[in-house]
Amino acid sequence: MEKCCIINNMNKRADKMIIISKKEHKRSKGRYTAAFCFLLALLLFLMACNFGIGSISIPLRDVIDSLRGLEIEDTYENILWQIRMPRAIAAAVLGGALGLAGYLLQTFFHNPIAGPFVLGISSGSKLAVALVMVFLLGNRIRVGSGTMIVAAFIGAFLSMGFVLIMSGKVNSMSMLIVSGVMIGYICSAVTDLVVTFAQDADIVNLHNWSKGSFSGITWNNVAVMSVVVFLTTTVILWLAKPIGAYQMGEGYAASMGINLRRLRVMLVLLSSLLAACITAFAGPVSFVGIAVPHLVKQLFQTAKPIIMIPACFLGGGVFCLFCDLLARTLFAPTELSISTVTAIFGAPVVIIVMLRRKKERG
Amino acid sequence: MADYFFQTKQLTVGYQVLPVLKDVTIGLNKGEILTLIGPNGAGKSTLLKSIAKQLKPLGGSVYLEQQELAGLSGHELAKKMAVVFTDKLYTEMMTCEEVVASGRYPYTGRFGILSDEDRRIVEESMDMTCVSELKGKDYNKISDGQRQRVLLARALCQQPEIILLDEPTSYLDIRYKLEFLATLQRLAKEKQLSVIMSLHELDMAKRISDRILCIGRDGIERYGTPEEIFTEGYITELFNIRTGSFEDGSTDAELPKPIGEPEVFVLAGSGSGRETFRKLQRAGIAFAVGILYTHDLDYPVAQALAAQVIAVESAEAMGEAHYKEARQMIERCQHVIVCREKFAPWEKVNAGLYRYAETYREKNVEEWIDKQTGKNLKRGE
């Protein structure tokens, strides 16, 4: 402290500092690389588990052989390629989308427990999808992935709009969450009503879906969701810098010359799109959006968007693969709904976040 | 008005349609410091926010280098103007260095990756505000005063030509307050940085400012150099001070004077009495002071705290009339506190008073004050 503000020696000191700061920079870079490798390895490992483990287990060697294009037993081949692979890939992609949607919403609302499920966005899009499905199926029209996404997006967008109106009216963040949860309940109740009174046999599927599940996903679904999620993620990554500024506060972002209005609209659109994509294919999945960004932050020890965006994506994939594995195998042949499992692992994280926040404030 | 580096013309600011300040017309050269002073809620922050383009002006315009701010893109402006406002900053898991580095935003590329040059500027800025020691620390875990200095470093990192600050020194201790303002002053002179800031510390405002804008309850009241602003009694009027007093020359503030008739006469002068006056004020004992020249160091404090001051204009001589008045006062009080033993040749009157006061003199001042306080308390009951 004594040397402080002495201009002599300052240049020398500055040089030394740069060397130190470069070292620190390298250290954190090392940490990021290690963490990414860890997540990637975990993802591959869980992917392999998801391919192999189930009511009929497929030996790892057969999985690898099949992936290399070699012939394996027909039953194995069918189970692997028609059921487990699309399901596992969907779990990874949608999980990633969920993690990312959660991160965007937390950034947008400056609230660590915001997420598509908590804010009622998932439920809103669930309702829209249910209505569209019941209507179309009732009229004997097939429902394609595209229609589902569009319906889900409209639903997500409407409930996001409602949340935004509420956020303008209520100042406190906890009130915002409460209103989101309420909206979620209302939408879920209406969805249940619709599902209960719809009579078509196809709607049994709808019932399953409305509880949240990765089952019954086709390659066609996987292709559509991958394109949507990939494009959205690219755009988000492209916006990493302004998102980082926005994260520090709106005043700061404005002083850096960011067009706040445009960025806000982008954030709302992108997070609604991600949430819609998940709901369209897997129904509402709880807590992943809150838990993943938080866990990833702890792992990487940073909240920088340029790191967080890919990391949340990977983390979400890992989290969902893990949860889906449990959902499928824990009480096989009965399958748990995915939200049951994600809640068990995700909810404690939320509680920890809230406790820690209180401590920091107090 | 035409050649100012920064100027506003008939600027009207406020929220929605409700104007808070009307017709603000100011001009500032490069390297000058403009300070906004005025009571809480008068609109200092609103004006700063409007200049920073964070609030849309309701009328008029702001110019930087003859260019209208409204026509400047946010990105261009960010390279010229830095702000240190009081908004909450969300800095989850950010070190102070990262917070400072965030000031490089307008200069970095698409993904915000810092170059070596950026890093050098970050270091330099941290050095200038004495926060290099904090670089690795979590921004959320440092004190408010340290934060203010980190935020200044962040603003400097932006390499601005003009910097806006909203009460930047409110959490700083006196050492850092001085260092903070000295840094600003140095930057203003060396780098020709223009500074616009709001300050609540009037003493500092008077010393550092090239120009001062006074914002009162009903809008802009005065705009000019410190000498033009700090005229007798103006600050009291601007802030509508009702309790205590503010002395424009020394920028000293005093608590309200004790009420009632003087109970003791204080023989002071040459700065010997100020602390005694304040002691009596704390004890709540009303007092009279004499005989002071109006240029005496004791005079402003006596003026603020004493029930009665017997004073002589600096150009005049102390005479019989003053002596008589003082003697009467001593007789009325029956108690005298003597603050000085020696008198200059031209203070013969005071020397006489000293001899006269001997019989009434309280030798042990502390004890007497205690006794008197007790008496006053009893009387109060």
# chains A, B, ... in the order shown; residues from 1 in each chain; ligands from 1
$ residues_around --residues "range 298-312 of chain A" --least-positions-apart "4" --cutoff "6 Å" --atoms "only C-alpha atoms" --output "ChimeraX atom specification"
/A:99-100,240,244,293,316 /B:93
$ select_by_dssp --residues "range 56-220 of chain A" --states "helix (DSSP H, G or I)" --output "PyMOL selection string"
chain A and resi 60-67+74-109+121-138+145-169+173-197+203-211+219-220
$ select_by_dssp --residues "range 204-327 of chain B" --states "strand (DSSP E or B)" --output "PyMOL selection string"
chain B and resi 211-216+219-224+245-247+252-254+264-267+287-293+308-312
$ residues_around --residues "range 280-290 of chain B" --least-positions-apart "3" --cutoff "7 Å" --atoms "only C-alpha atoms" --output "list in words"
Lys257, Pro258, Ile259, Gly260, Glu261, Pro262, Glu263, Val264, Phe265, Val266, Leu267, Ala268, Thr276, Phe277, Ala302, Leu305, Ala306, Ala307, Gln308, Val309, Ile310, Ala311, Ala326 and Thr373 of chain B
$ atom_distance --atom1 "CA of Tyr103 in chain A" --atom2 "CA of Gly115 in chain A"
7.5 Å
$ closest_atom_pairs --of "chain A" --to "chain B" --cutoff "6 Å" --atoms "only C-alpha atoms" --output "Markdown table"
| residue | atom | partner | partner_atom | distance |
| --- | --- | --- | --- | --- |
| A:Cys4 | CA | B:Cys130 | CA | 5.4 |
| A:Lys241 | CA | B:Phe111 | CA | 5.5 |
| A:Met248 | CA | B:Tyr90 | CA | 4.5 |
| A:Gly249 | CA | B:Leu89 | CA | 5.4 |
| A:Met256 | CA | B:Ala78 | CA | 5.1 |
| A:Gly257 | CA | B:Gly74 | CA | 3.5 |
| A:Thr302 | CA | B:Met93 | CA | 5.5 |
$ write_last_selection --atoms "N, CA and C atoms" --output "CSV table (one decimal), in the first residue's frame"
chain,number,residue,atom,x,y,z
A,4,CYS,N,1.9,2.7,-3.2
A,4,CYS,CA,0.7,3.2,-4.0
A,4,CYS,C,0.9,4.6,-4.5
A,241,LYS,N,-20.5,-11.4,-25.7
A,241,LYS,CA,-19.9,-10.2,-25.2
A,241,LYS,C,-21.0,-9.2,-24.6
A,248,MET,N,-23.6,-7.7,-15.9
A,248,MET,CA,-23.0,-6.8,-14.8
A,248,MET,C,-24.0,-5.7,-14.4
A,249,GLY,N,-25.1,-5.6,-15.1
A,249,GLY,CA,-26.0,-4.5,-14.8
A,249,GLY,C,-26.4,-3.7,-16.0
A,256,MET,N,-21.7,1.2,-21.9
A,256,MET,CA,-20.8,0.6,-22.9
A,256,MET,C,-21.4,0.7,-24.3
A,257,GLY,N,-22.5,1.3,-24.4
A,257,GLY,CA,-23.0,1.6,-25.8
A,257,GLY,C,-23.9,0.4,-26.3
A,302,THR,N,-16.2,-19.3,-12.7
A,302,THR,CA,-16.4,-18.1,-13.4
A,302,THR,C,-17.8,-18.0,-13.9
$ closest_residue --among "B:Glu221, B:Asp23, B:Glu237, B:Glu32" --to "Glu190 in chain B" --atoms "only C-alpha atoms"
B:Glu32
$ residues_around --residues "Gly161 in chain A" --least-positions-apart "3" --cutoff "12 Å" --atoms "only C-alpha atoms" --output "list in words"
Leu119, Gly120, Ile121, Gly124, Phe153, Ile154, Gly155, Ala156, Phe157, Leu158, Leu164, Ile165, Met166, Ser167, Gly168, Gly180, Ile183, Val265, Val268, Leu269 and Ser272 of chain A
$ residues_around --residues "Ala182 in chain B" --least-positions-apart "5" --cutoff "10 Å" --atoms "only C-alpha atoms" --output "list in words"
Thr129, Tyr176, Lys177, Leu187, Ala188 and Ile208 of chain B
$ closest_residue --among "B:Cys339, B:Phe246, B:Glu347, B:Asp298" --to "His322 in chain B" --atoms "only C-alpha atoms"
B:Glu347
$ residues_around --residues "Ile229 in chain B" --least-positions-apart "4" --cutoff "10 Å" --atoms "only C-alpha atoms" --output "ChimeraX atom specification"
/B:206,211-214,221-225,234-235,248
$ write_last_selection --atoms "N, CA, C and O atoms" --output "PDB file, in the first residue's frame"
ATOM      1  N   LYS B 206     -15.422  22.793  -3.279  1.00  0.00           N
ATOM      2  CA  LYS B 206     -14.882  24.135  -3.370  1.00  0.00           C
ATOM      3  C   LYS B 206     -13.428  24.113  -3.807  1.00  0.00           C
ATOM      4  O   LYS B 206     -12.970  24.982  -4.539  1.00  0.00           O
ATOM      5  N   ARG B 211     -15.551  24.697 -12.147  1.00  0.00           N
ATOM      6  CA  ARG B 211     -16.887  25.277 -12.191  1.00  0.00           C
ATOM      7  C   ARG B 211     -17.798  24.472 -11.283  1.00  0.00           C
ATOM      8  O   ARG B 211     -17.599  23.284 -11.082  1.00  0.00           O
ATOM      9  N   ILE B 212     -18.800  25.155 -10.771  1.00  0.00           N
ATOM     10  CA  ILE B 212     -19.775  24.481  -9.922  1.00  0.00           C
ATOM     11  C   ILE B 212     -21.169  24.815 -10.419  1.00  0.00           C
ATOM     12  O   ILE B 212     -21.455  25.956 -10.794  1.00  0.00           O
ATOM     13  N   LEU B 213     -22.000  23.785 -10.468  1.00  0.00           N
ATOM     14  CA  LEU B 213     -23.397  23.991 -10.827  1.00  0.00           C
ATOM     15  C   LEU B 213     -24.225  23.690  -9.584  1.00  0.00           C
ATOM     16  O   LEU B 213     -24.134  22.610  -9.026  1.00  0.00           O
ATOM     17  N   CYS B 214     -25.011  24.674  -9.158  1.00  0.00           N
ATOM     18  CA  CYS B 214     -25.813  24.487  -7.954  1.00  0.00           C
ATOM     19  C   CYS B 214     -27.236  24.138  -8.352  1.00  0.00           C
ATOM     20  O   CYS B 214     -27.891  24.904  -9.059  1.00  0.00           O
ATOM     21  N   GLU B 221     -29.692  26.950  -9.779  1.00  0.00           N
ATOM     22  CA  GLU B 221     -29.653  28.238  -9.088  1.00  0.00           C
ATOM     23  C   GLU B 221     -28.446  29.077  -9.479  1.00  0.00           C
ATOM     24  O   GLU B 221     -28.574  30.267  -9.725  1.00  0.00           O
ATOM     25  N   ARG B 222     -27.295  28.443  -9.478  1.00  0.00           N
ATOM     26  CA  ARG B 222     -26.101  29.200  -9.816  1.00  0.00           C
ATOM     27  C   ARG B 222     -25.167  28.331 -10.632  1.00  0.00           C
ATOM     28  O   ARG B 222     -25.167  27.113 -10.507  1.00  0.00           O
ATOM     29  N   TYR B 223     -24.349  28.979 -11.452  1.00  0.00           N
ATOM     30  CA  TYR B 223     -23.358  28.257 -12.225  1.00  0.00           C
ATOM     31  C   TYR B 223     -22.145  29.150 -12.326  1.00  0.00           C
ATOM     32  O   TYR B 223     -22.242  30.284 -12.797  1.00  0.00           O
ATOM     33  N   GLY B 224     -21.005  28.713 -11.858  1.00  0.00           N
ATOM     34  CA  GLY B 224     -19.833  29.569 -11.936  1.00  0.00           C
ATOM     35  C   GLY B 224     -18.639  28.970 -11.229  1.00  0.00           C
ATOM     36  O   GLY B 224     -18.615  27.785 -10.891  1.00  0.00           O
ATOM     37  N   THR B 225     -17.640  29.812 -10.987  1.00  0.00           N
ATOM     38  CA  THR B 225     -16.432  29.354 -10.313  1.00  0.00           C
ATOM     39  C   THR B 225     -16.727  29.239  -8.812  1.00  0.00           C
ATOM     40  O   THR B 225     -17.687  29.832  -8.334  1.00  0.00           O
ATOM     41  N   TYR B 234     -24.825  31.674   1.050  1.00  0.00           N
ATOM     42  CA  TYR B 234     -25.505  31.053  -0.086  1.00  0.00           C
ATOM     43  C   TYR B 234     -25.789  29.561   0.135  1.00  0.00           C
ATOM     44  O   TYR B 234     -26.868  29.071  -0.176  1.00  0.00           O
ATOM     45  N   ILE B 235     -24.800  28.856   0.673  1.00  0.00           N
ATOM     46  CA  ILE B 235     -24.963  27.410   0.862  1.00  0.00           C
ATOM     47  C   ILE B 235     -26.114  27.128   1.821  1.00  0.00           C
ATOM     48  O   ILE B 235     -26.928  26.225   1.605  1.00  0.00           O
ATOM     49  N   ASP B 248     -19.186  29.659   4.736  1.00  0.00           N
ATOM     50  CA  ASP B 248     -18.756  29.536   3.345  1.00  0.00           C
ATOM     51  C   ASP B 248     -17.263  29.703   3.142  1.00  0.00           C
ATOM     52  O   ASP B 248     -16.695  29.148   2.218  1.00  0.00           O
TER      53      ASP B 248
END
$ residues_around --residues "Ile215 in chain B" --least-positions-apart "3" --cutoff "12 Å" --atoms "only C-alpha atoms" --output "short mmCIF file (atom, residue, chain, number, x, y, z; two decimals) with C-alpha atoms, in the first residue's frame"
data_model
loop_
_atom_site.label_atom_id
_atom_site.label_comp_id
_atom_site.auth_asym_id
_atom_site.auth_seq_id
_atom_site.Cartn_x
_atom_site.Cartn_y
_atom_site.Cartn_z
CA VAL B 20 -36.92 17.56 -12.94
CA LEU B 21 -34.56 20.23 -14.24
CA LYS B 22 -35.23 22.74 -16.97
CA ASP B 23 -32.99 24.70 -19.32
CA VAL B 24 -29.61 23.50 -18.20
CA THR B 35 -19.08 19.73 -9.82
CA LEU B 36 -22.79 19.47 -9.18
CA ILE B 37 -23.86 20.37 -5.68
CA GLY B 38 -27.26 20.65 -4.11
CA PRO B 39 -29.66 18.97 -1.72
CA ASN B 40 -30.72 15.33 -1.98
CA GLY B 41 -33.35 14.69 -4.61
CA ALA B 42 -32.74 17.91 -6.52
CA GLY B 43 -31.88 16.07 -9.74
CA LYS B 44 -28.11 15.76 -9.83
CA SER B 45 -28.20 12.07 -10.71
CA THR B 46 -30.98 12.63 -13.21
CA LEU B 47 -28.90 15.25 -14.98
CA SER B 198 -21.80 15.32 -8.10
CA LEU B 199 -20.31 15.75 -4.65
CA HIS B 200 -21.84 16.06 -1.22
CA ILE B 212 -19.77 24.48 -9.92
CA ASP B 218 -36.50 24.63 -7.84
CA GLY B 219 -33.88 23.92 -10.47
CA ILE B 220 -30.55 25.42 -11.44
CA GLU B 221 -29.65 28.24 -9.09
CA ARG B 222 -26.10 29.20 -9.82
CA TYR B 223 -23.36 28.26 -12.22
CA ILE B 229 -20.66 30.23 -5.68
CA ILE B 235 -24.96 27.41 0.86
CA GLU B 237 -29.88 29.03 1.39
CA LEU B 238 -29.20 26.37 -1.28
CA PHE B 239 -29.52 23.50 1.13
#
$ atom_distance --atom1 "CA of Asn50 in chain A" --atom2 "CA of Tyr32 in chain A"
26.6 Å
$ decode --residues "range 154-177 of chain B" --atoms "C-alpha atoms" --output "PDB file, in the first residue's frame"
ATOM      1  CA  ARG B 154     -12.719   0.633 -14.640  1.00  0.00           C
ATOM      2  CA  ALA B 155     -13.801   3.992 -15.973  1.00  0.00           C
ATOM      3  CA  LEU B 156     -10.192   5.079 -16.630  1.00  0.00           C
ATOM      4  CA  CYS B 157      -9.605   1.830 -18.480  1.00  0.00           C
ATOM      5  CA  GLN B 158     -12.131   3.036 -20.984  1.00  0.00           C
ATOM      6  CA  GLN B 159      -9.679   5.826 -21.888  1.00  0.00           C
ATOM      7  CA  PRO B 160     -12.417   8.414 -21.941  1.00  0.00           C
ATOM      8  CA  GLU B 161     -12.165  12.082 -22.772  1.00  0.00           C
ATOM      9  CA  ILE B 162     -14.900  12.921 -20.344  1.00  0.00           C
ATOM     10  CA  ILE B 163     -15.909  11.101 -17.200  1.00  0.00           C
ATOM     11  CA  LEU B 164     -19.154  11.385 -15.248  1.00  0.00           C
ATOM     12  CA  LEU B 165     -19.229  10.445 -11.589  1.00  0.00           C
ATOM     13  CA  ASP B 166     -22.174  10.318  -9.222  1.00  0.00           C
ATOM     14  CA  GLU B 167     -21.081  10.856  -5.616  1.00  0.00           C
ATOM     15  CA  PRO B 168     -17.849   8.974  -6.170  1.00  0.00           C
ATOM     16  CA  THR B 169     -16.337   9.680  -2.768  1.00  0.00           C
ATOM     17  CA  SER B 170     -19.261   8.946  -0.484  1.00  0.00           C
ATOM     18  CA  TYR B 171     -17.784   5.754   0.987  1.00  0.00           C
ATOM     19  CA  LEU B 172     -14.148   6.779   1.049  1.00  0.00           C
ATOM     20  CA  ASP B 173     -12.187   7.597   4.168  1.00  0.00           C
ATOM     21  CA  ILE B 174     -10.404  10.921   4.251  1.00  0.00           C
ATOM     22  CA  ARG B 175      -7.108   9.579   2.936  1.00  0.00           C
ATOM     23  CA  TYR B 176      -8.703   7.911  -0.066  1.00  0.00           C
ATOM     24  CA  LYS B 177     -11.070  10.802  -0.565  1.00  0.00           C
TER      25      LYS B 177
END
